[in-house]
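Shown here: entry39.tsv, TSV, C-alpha atoms and all ligand atoms.
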chain	number	residue	atom	x	y	z
A	1	MET	CA	0.00	0.00	0.00
A	2	SER	CA	1.35	3.43	-0.85
A	3	ASP	CA	1.78	6.15	1.72
A	4	ASP	CA	-0.95	8.16	0.00
A	5	LYS	CA	-3.50	5.37	0.46
A	6	ARG	CA	-2.57	4.89	4.11
A	7	ASN	CA	-3.06	8.58	4.68
A	8	VAL	CA	-6.55	8.45	3.23
A	9	THR	CA	-7.39	5.47	5.44
A	10	ASP	CA	-6.06	7.29	8.50
A	11	ILE	CA	-8.22	10.30	7.69
A	12	LEU	CA	-11.31	8.13	7.22
A	13	ASN	CA	-10.64	6.36	10.52
A	14	GLU	CA	-10.42	9.70	12.29
A	15	TRP	CA	-13.72	10.78	10.75
A	16	GLU	CA	-15.31	7.55	11.83
A	17	LYS	CA	-14.32	8.11	15.46
A	18	GLU	CA	-15.94	11.53	15.40
A	19	ALA	CA	-19.08	10.43	13.57
A	20	THR	CA	-22.29	9.51	15.36
A	21	PRO	CA	-22.73	5.77	15.83
A	22	ARG	CA	-23.94	4.07	12.71
A	23	ARG	CA	-26.96	1.84	12.89
A	24	GLU	CA	-27.50	-1.47	11.18
A	25	SER	CA	-31.15	-1.76	12.22
A	26	ILE	CA	-33.98	0.31	13.65
A	27	THR	CA	-37.19	-0.58	15.47
A	28	PRO	CA	-40.60	0.89	14.55
A	29	GLN	CA	-40.56	2.85	17.83
A	30	GLU	CA	-37.15	4.32	17.03
A	31	ALA	CA	-38.38	5.33	13.59
A	32	VAL	CA	-41.44	7.01	15.15
A	33	ASP	CA	-39.29	8.77	17.77
A	34	MET	CA	-37.01	10.00	15.02
A	35	LEU	CA	-39.93	11.33	12.96
A	36	ASN	CA	-41.35	13.11	16.03
A	37	SER	CA	-38.00	14.71	16.79
A	38	LEU	CA	-37.73	15.85	13.17
A	39	LEU	CA	-41.24	17.30	13.36
A	40	LYS	CA	-40.16	19.34	16.40
A	41	LEU	CA	-37.07	20.53	14.53
A	42	ASP	CA	-39.04	21.66	11.51
A	43	ALA	CA	-42.80	21.90	11.89
A	44	SER	CA	-43.12	23.07	8.31
A	45	ALA	CA	-40.92	20.74	6.25
A	46	ILE	CA	-41.93	17.48	7.95
A	47	PRO	CA	-45.72	18.00	7.54
A	48	ALA	CA	-45.14	19.05	3.93
A	49	LEU	CA	-43.12	15.88	3.28
A	50	THR	CA	-45.63	13.72	5.12
A	51	ASP	CA	-48.56	15.18	3.20
A	52	HIS	CA	-46.86	14.93	-0.15
A	53	ARG	CA	-48.00	12.19	-2.50
A	54	VAL	CA	-46.58	11.19	-5.82
A	55	GLN	CA	-48.15	9.13	-8.52
A	56	CYS	CA	-46.89	5.56	-8.64
A	57	ASN	CA	-47.33	2.63	-10.97
A	58	GLU	CA	-49.12	-0.70	-10.62
A	59	ALA	CA	-45.94	-2.58	-9.69
A	60	LEU	CA	-45.31	-0.38	-6.65
A	61	ALA	CA	-49.01	-0.41	-5.77
A	62	GLU	CA	-48.80	-4.21	-5.59
A	63	HIS	CA	-45.71	-4.24	-3.39
A	64	PRO	CA	-46.46	-6.48	-0.38
A	65	THR	CA	-45.45	-4.00	2.34
A	66	VAL	CA	-45.17	-0.49	0.91
A	67	GLN	CA	-48.45	1.27	1.58
A	68	VAL	CA	-49.88	2.77	-1.56
A	69	GLY	CA	-53.14	4.69	-1.63
A	70	ARG	CA	-55.84	5.16	-4.20
A	71	ALA	CA	-55.58	8.56	-5.82
A	72	THR	CA	-59.38	8.99	-5.68
A	73	THR	CA	-59.36	8.55	-1.88
A	74	TRP	CA	-56.50	10.97	-1.47
A	75	ARG	CA	-58.11	13.63	-3.67
A	76	LYS	CA	-61.30	13.35	-1.61
A	77	ALA	CA	-59.51	13.43	1.77
A	78	ARG	CA	-57.09	16.21	0.91
A	79	PRO	CA	-58.49	18.39	-1.88
A	80	ASP	CA	-56.11	21.10	-0.65
A	81	LEU	CA	-53.13	19.05	-1.82
A	82	SER	CA	-53.06	18.93	-5.56
A	83	LEU	CA	-52.47	15.58	-7.18
A	84	SER	CA	-52.25	14.85	-10.88
A	85	GLU	CA	-55.65	14.06	-12.40
A	86	ASP	CA	-54.43	10.93	-14.18
A	87	ALA	CA	-52.86	9.45	-11.04
A	88	GLN	CA	-54.35	6.08	-10.06
A	89	HIS	CA	-52.10	5.17	-7.15
A	90	THR	CA	-50.18	7.41	-4.81
A	91	VAL	CA	-47.35	6.86	-2.40
A	92	GLY	CA	-45.98	9.09	0.32
A	93	LEU	CA	-43.21	9.16	2.88
A	94	VAL	CA	-44.99	7.19	5.62
A	95	GLY	CA	-46.24	4.54	3.20
A	96	LEU	CA	-42.70	4.04	1.98
A	97	LEU	CA	-41.18	3.92	5.49
A	98	ASN	CA	-43.82	1.43	6.59
A	99	GLY	CA	-42.67	-0.76	3.74
A	100	PHE	CA	-39.42	-1.40	5.61
A	101	PHE	CA	-41.23	-2.92	8.57
A	102	GLY	CA	-43.90	-5.04	6.95
A	103	MET	CA	-47.50	-5.40	8.05
A	104	ASN	CA	-49.41	-6.79	11.00
A	105	GLU	CA	-52.47	-9.07	10.77
A	106	GLN	CA	-54.65	-6.06	9.93
A	107	GLY	CA	-52.43	-5.12	7.01
A	108	MET	CA	-51.06	-2.11	8.88
A	109	GLY	CA	-47.51	-0.87	8.97
A	110	PRO	CA	-46.30	0.42	12.34
A	111	ILE	CA	-45.91	4.12	11.58
A	112	GLY	CA	-49.05	6.19	11.87
A	113	ALA	CA	-49.31	9.91	11.12
A	114	LEU	CA	-51.54	11.71	13.61
A	115	TYR	CA	-53.66	14.58	12.41
A	116	GLN	CA	-55.69	16.95	14.51
A	117	ASP	CA	-59.36	16.87	13.54
A	118	VAL	CA	-60.76	20.36	13.05
A	119	CYS	CA	-64.09	21.95	12.12
A	120	ASP	CA	-64.19	23.51	8.66
A	121	THR	CA	-66.58	26.20	9.88
A	122	CYS	CA	-65.73	27.25	13.46
A	123	HIS	CA	-62.12	25.96	13.06
A	124	GLU	CA	-62.13	24.48	16.58
A	125	GLU	CA	-59.56	21.76	17.20
A	126	LEU	CA	-61.53	18.70	18.21
A	127	ASN	CA	-59.02	17.32	20.69
A	128	ARG	CA	-60.94	17.14	23.97
A	129	PRO	CA	-61.48	13.76	25.64
A	130	GLU	CA	-65.16	13.85	24.65
A	131	ASP	CA	-64.12	14.27	21.02
A	132	LYS	CA	-62.52	10.82	21.01
A	133	GLY	CA	-64.12	8.63	18.38
A	134	ILE	CA	-65.27	11.56	16.29
A	135	LYS	CA	-65.10	10.76	12.60
A	136	LEU	CA	-64.20	12.78	9.56
A	137	GLY	CA	-67.27	14.05	7.74
A	138	GLU	CA	-69.43	14.19	10.89
A	139	THR	CA	-71.09	17.38	12.06
A	140	CYS	CA	-68.95	19.51	14.37
A	141	PRO	CA	-69.98	19.03	18.02
A	142	ARG	CA	-68.97	22.62	18.88
A	143	CYS	CA	-70.96	24.68	16.40
A	144	ASN	CA	-73.28	21.94	15.10
A	145	GLU	CA	-72.90	23.41	11.62
A	146	GLY	CA	-69.47	22.63	10.25
A	147	THR	CA	-67.97	19.33	9.15
A	148	VAL	CA	-65.07	17.53	10.80
A	149	VAL	CA	-62.06	17.60	8.47
A	150	ILE	CA	-58.37	16.70	8.68
A	151	GLY	CA	-56.32	19.42	10.34
A	152	PRO	CA	-52.60	19.76	10.91
A	153	LEU	CA	-50.13	16.91	11.42
A	154	VAL	CA	-49.44	16.69	15.16
A	155	GLY	CA	-47.10	13.73	15.34
A	156	PHE	CA	-46.34	10.12	14.56
A	157	LYS	CA	-47.14	7.06	16.59
A	158	ASN	CA	-46.20	3.43	16.70
A	159	THR	CA	-49.56	1.79	16.01
A	160	TRP	CA	-48.15	-1.65	16.75
A	161	ALA	CA	-47.19	-0.57	20.30
A	162	ASP	CA	-50.81	0.52	20.89
A	163	GLN	CA	-52.08	-2.92	19.97
A	164	ALA	CA	-49.57	-4.68	22.21
A	165	GLY	CA	-50.40	-2.45	25.20
B	1	ZN	ZN	-67.58	23.79	14.31
Would you mind writing the file out in structure tokens?
Amino acid sequence: MSDDKRNVTDILNEWEKEATPRRESITPQEAVDMLNSLLKLDASAIPALTDHRVQCNEALAEHPTVQVGRATTWRKARPDLSLSEDAQHTVGLVGLLNGFFGMNEQGMGPIGALYQDVCDTCHEELNRPEDKGIKLGETCPRCNEGTVVIGPLVGFKNTWADQAG
């Protein structure tokens, strides 16, 4: 080995000592914790990434663990987020990340994105204990006029941990 090559190796070894520990594996909970810490770091970029959907083809839609949605459902749920009119299937960040972990018996990946339900008329956040179980599209229990719609992303949770506990 030439002196030049040894020098490069020495430099790389020094970098490695200073670098954060590398990981060879990650649990669903660690992935969720990481996403939540990133959301705290940037409450604008992470929701935008999480809400983003791109058109995908039939082959990806049929992948056994990556979660791919129907474009029609997405357009209905989030008309505020534009999606190409000819899109049939859509995939987003969480669907892709869930693909790394596989699915449980219910066909669910472990990472869930939590959204705050809000009223489209009085704009109240429906996050009180008595609001638990409220469904999208129902009449707002505050003003009795508006409709419950998806509000802002508030965090991520490990849905598999919920089932175990
Ligand atoms: Zn309302």
- When you draw a straight line from CA of Thr72 (chain A) to CA of Ile111 (chain A), how long is it in Å?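 That distance, rounded to one decimal, is 22.4 Å.
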- Message: as a PyMOL selection string, please: the residues near Lys132 (chain A) (cut-off 12 Å, all atoms listed in the file, same-chain neighbours under 5 positions excluded).
- Response: chain A and resi 116-117+125-127+141
- Item | Contacts of ligand ZN 1 (chain B), 8 Å or closer, all atoms listed in the file, given as an MDAnalysis selection string | chainID A and resid 118:124 139:148
- Task: For Asp80 (chain A), list every protein, DNA or RNA residue within 12 Å, evaluated using only C-alpha atoms, and leave out those in the same chain fewer than 3 positions away; present the list as a list in words.
- Result: Asp51, His52, Trp74, Arg75, Lys76, Ala77, Leu83, Val149, Ile150 and Gly151 of chain A
- For CA of Tyr115 (chain A) and CA of Ile26 (chain A), the interatomic separation in Å (one decimal):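 Computed distance, CA of Tyr115 (chain A) to CA of Ile26 (chain A), equals 24.3 Å.
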- Task: Check the smallest atom-to-atom distance from each of A:Leu93, A:Leu153, A:Arg78, A:Val8 to Leu136 (chain A) using all atoms listed in the file, then report the winner.
- Result: A:Arg78
- Task: Take CA of Asn36 (chain A) and CA of Thr50 (chain A) and report the distance between them in Å, one decimal.
- Result: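 Pair CA of Asn36 (chain A) / CA of Thr50 (chain A) returns 11.7 Å.
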- Query: Restricting the calculation to only C-alpha atoms, which member of A:Leu81, A:Val66, A:Leu60, A:Leu96 is positioned closest to Ala48 (chain A)?
  - Reply: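 Distance minimum relative to Ala48 (chain A) lands on A:Leu81.
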- Given only C-alpha atoms as the counted atoms, nearest of A:Glu16, A:Val68, A:Gly155, A:Gln88 to Asp42 (chain A):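 That would be A:Gly155, the residue with the smallest distance to Asp42 (chain A).
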Draw an axis-aligned box tight on the listed atoms of region 48-56 of chain A, then pad every side by 3 Å and write out centre and edge lengths in Å to one decimal as AutoDock Vina command-line options.
--center_x -45.8 --center_y 12.3 --center_z -1.8 --size_x 11.4 --size_y 19.5 --size_z 19.8
- Residue contacts of Gln29 (chain A) (9 Å, only C-alpha atoms) excluding same-chain residues fewer than 5 positions away, as a list of chain:residue names: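 Here the answer would be A:Met34, A:Pro110, A:Ile111, A:Lys157, A:Asn158, A:Trp160, A:Ala161.
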- Tell me, as a list in words, which residues lie within 9 Å of Leu97 (chain A), counting all atoms listed in the file; anything in the same chain fewer than 3 positions away does not count.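 That gives Ala31, Val66, Gln67, Gly92, Leu93, Val94, Phe100, Phe101, Gly109 and Ile111 of chain A.
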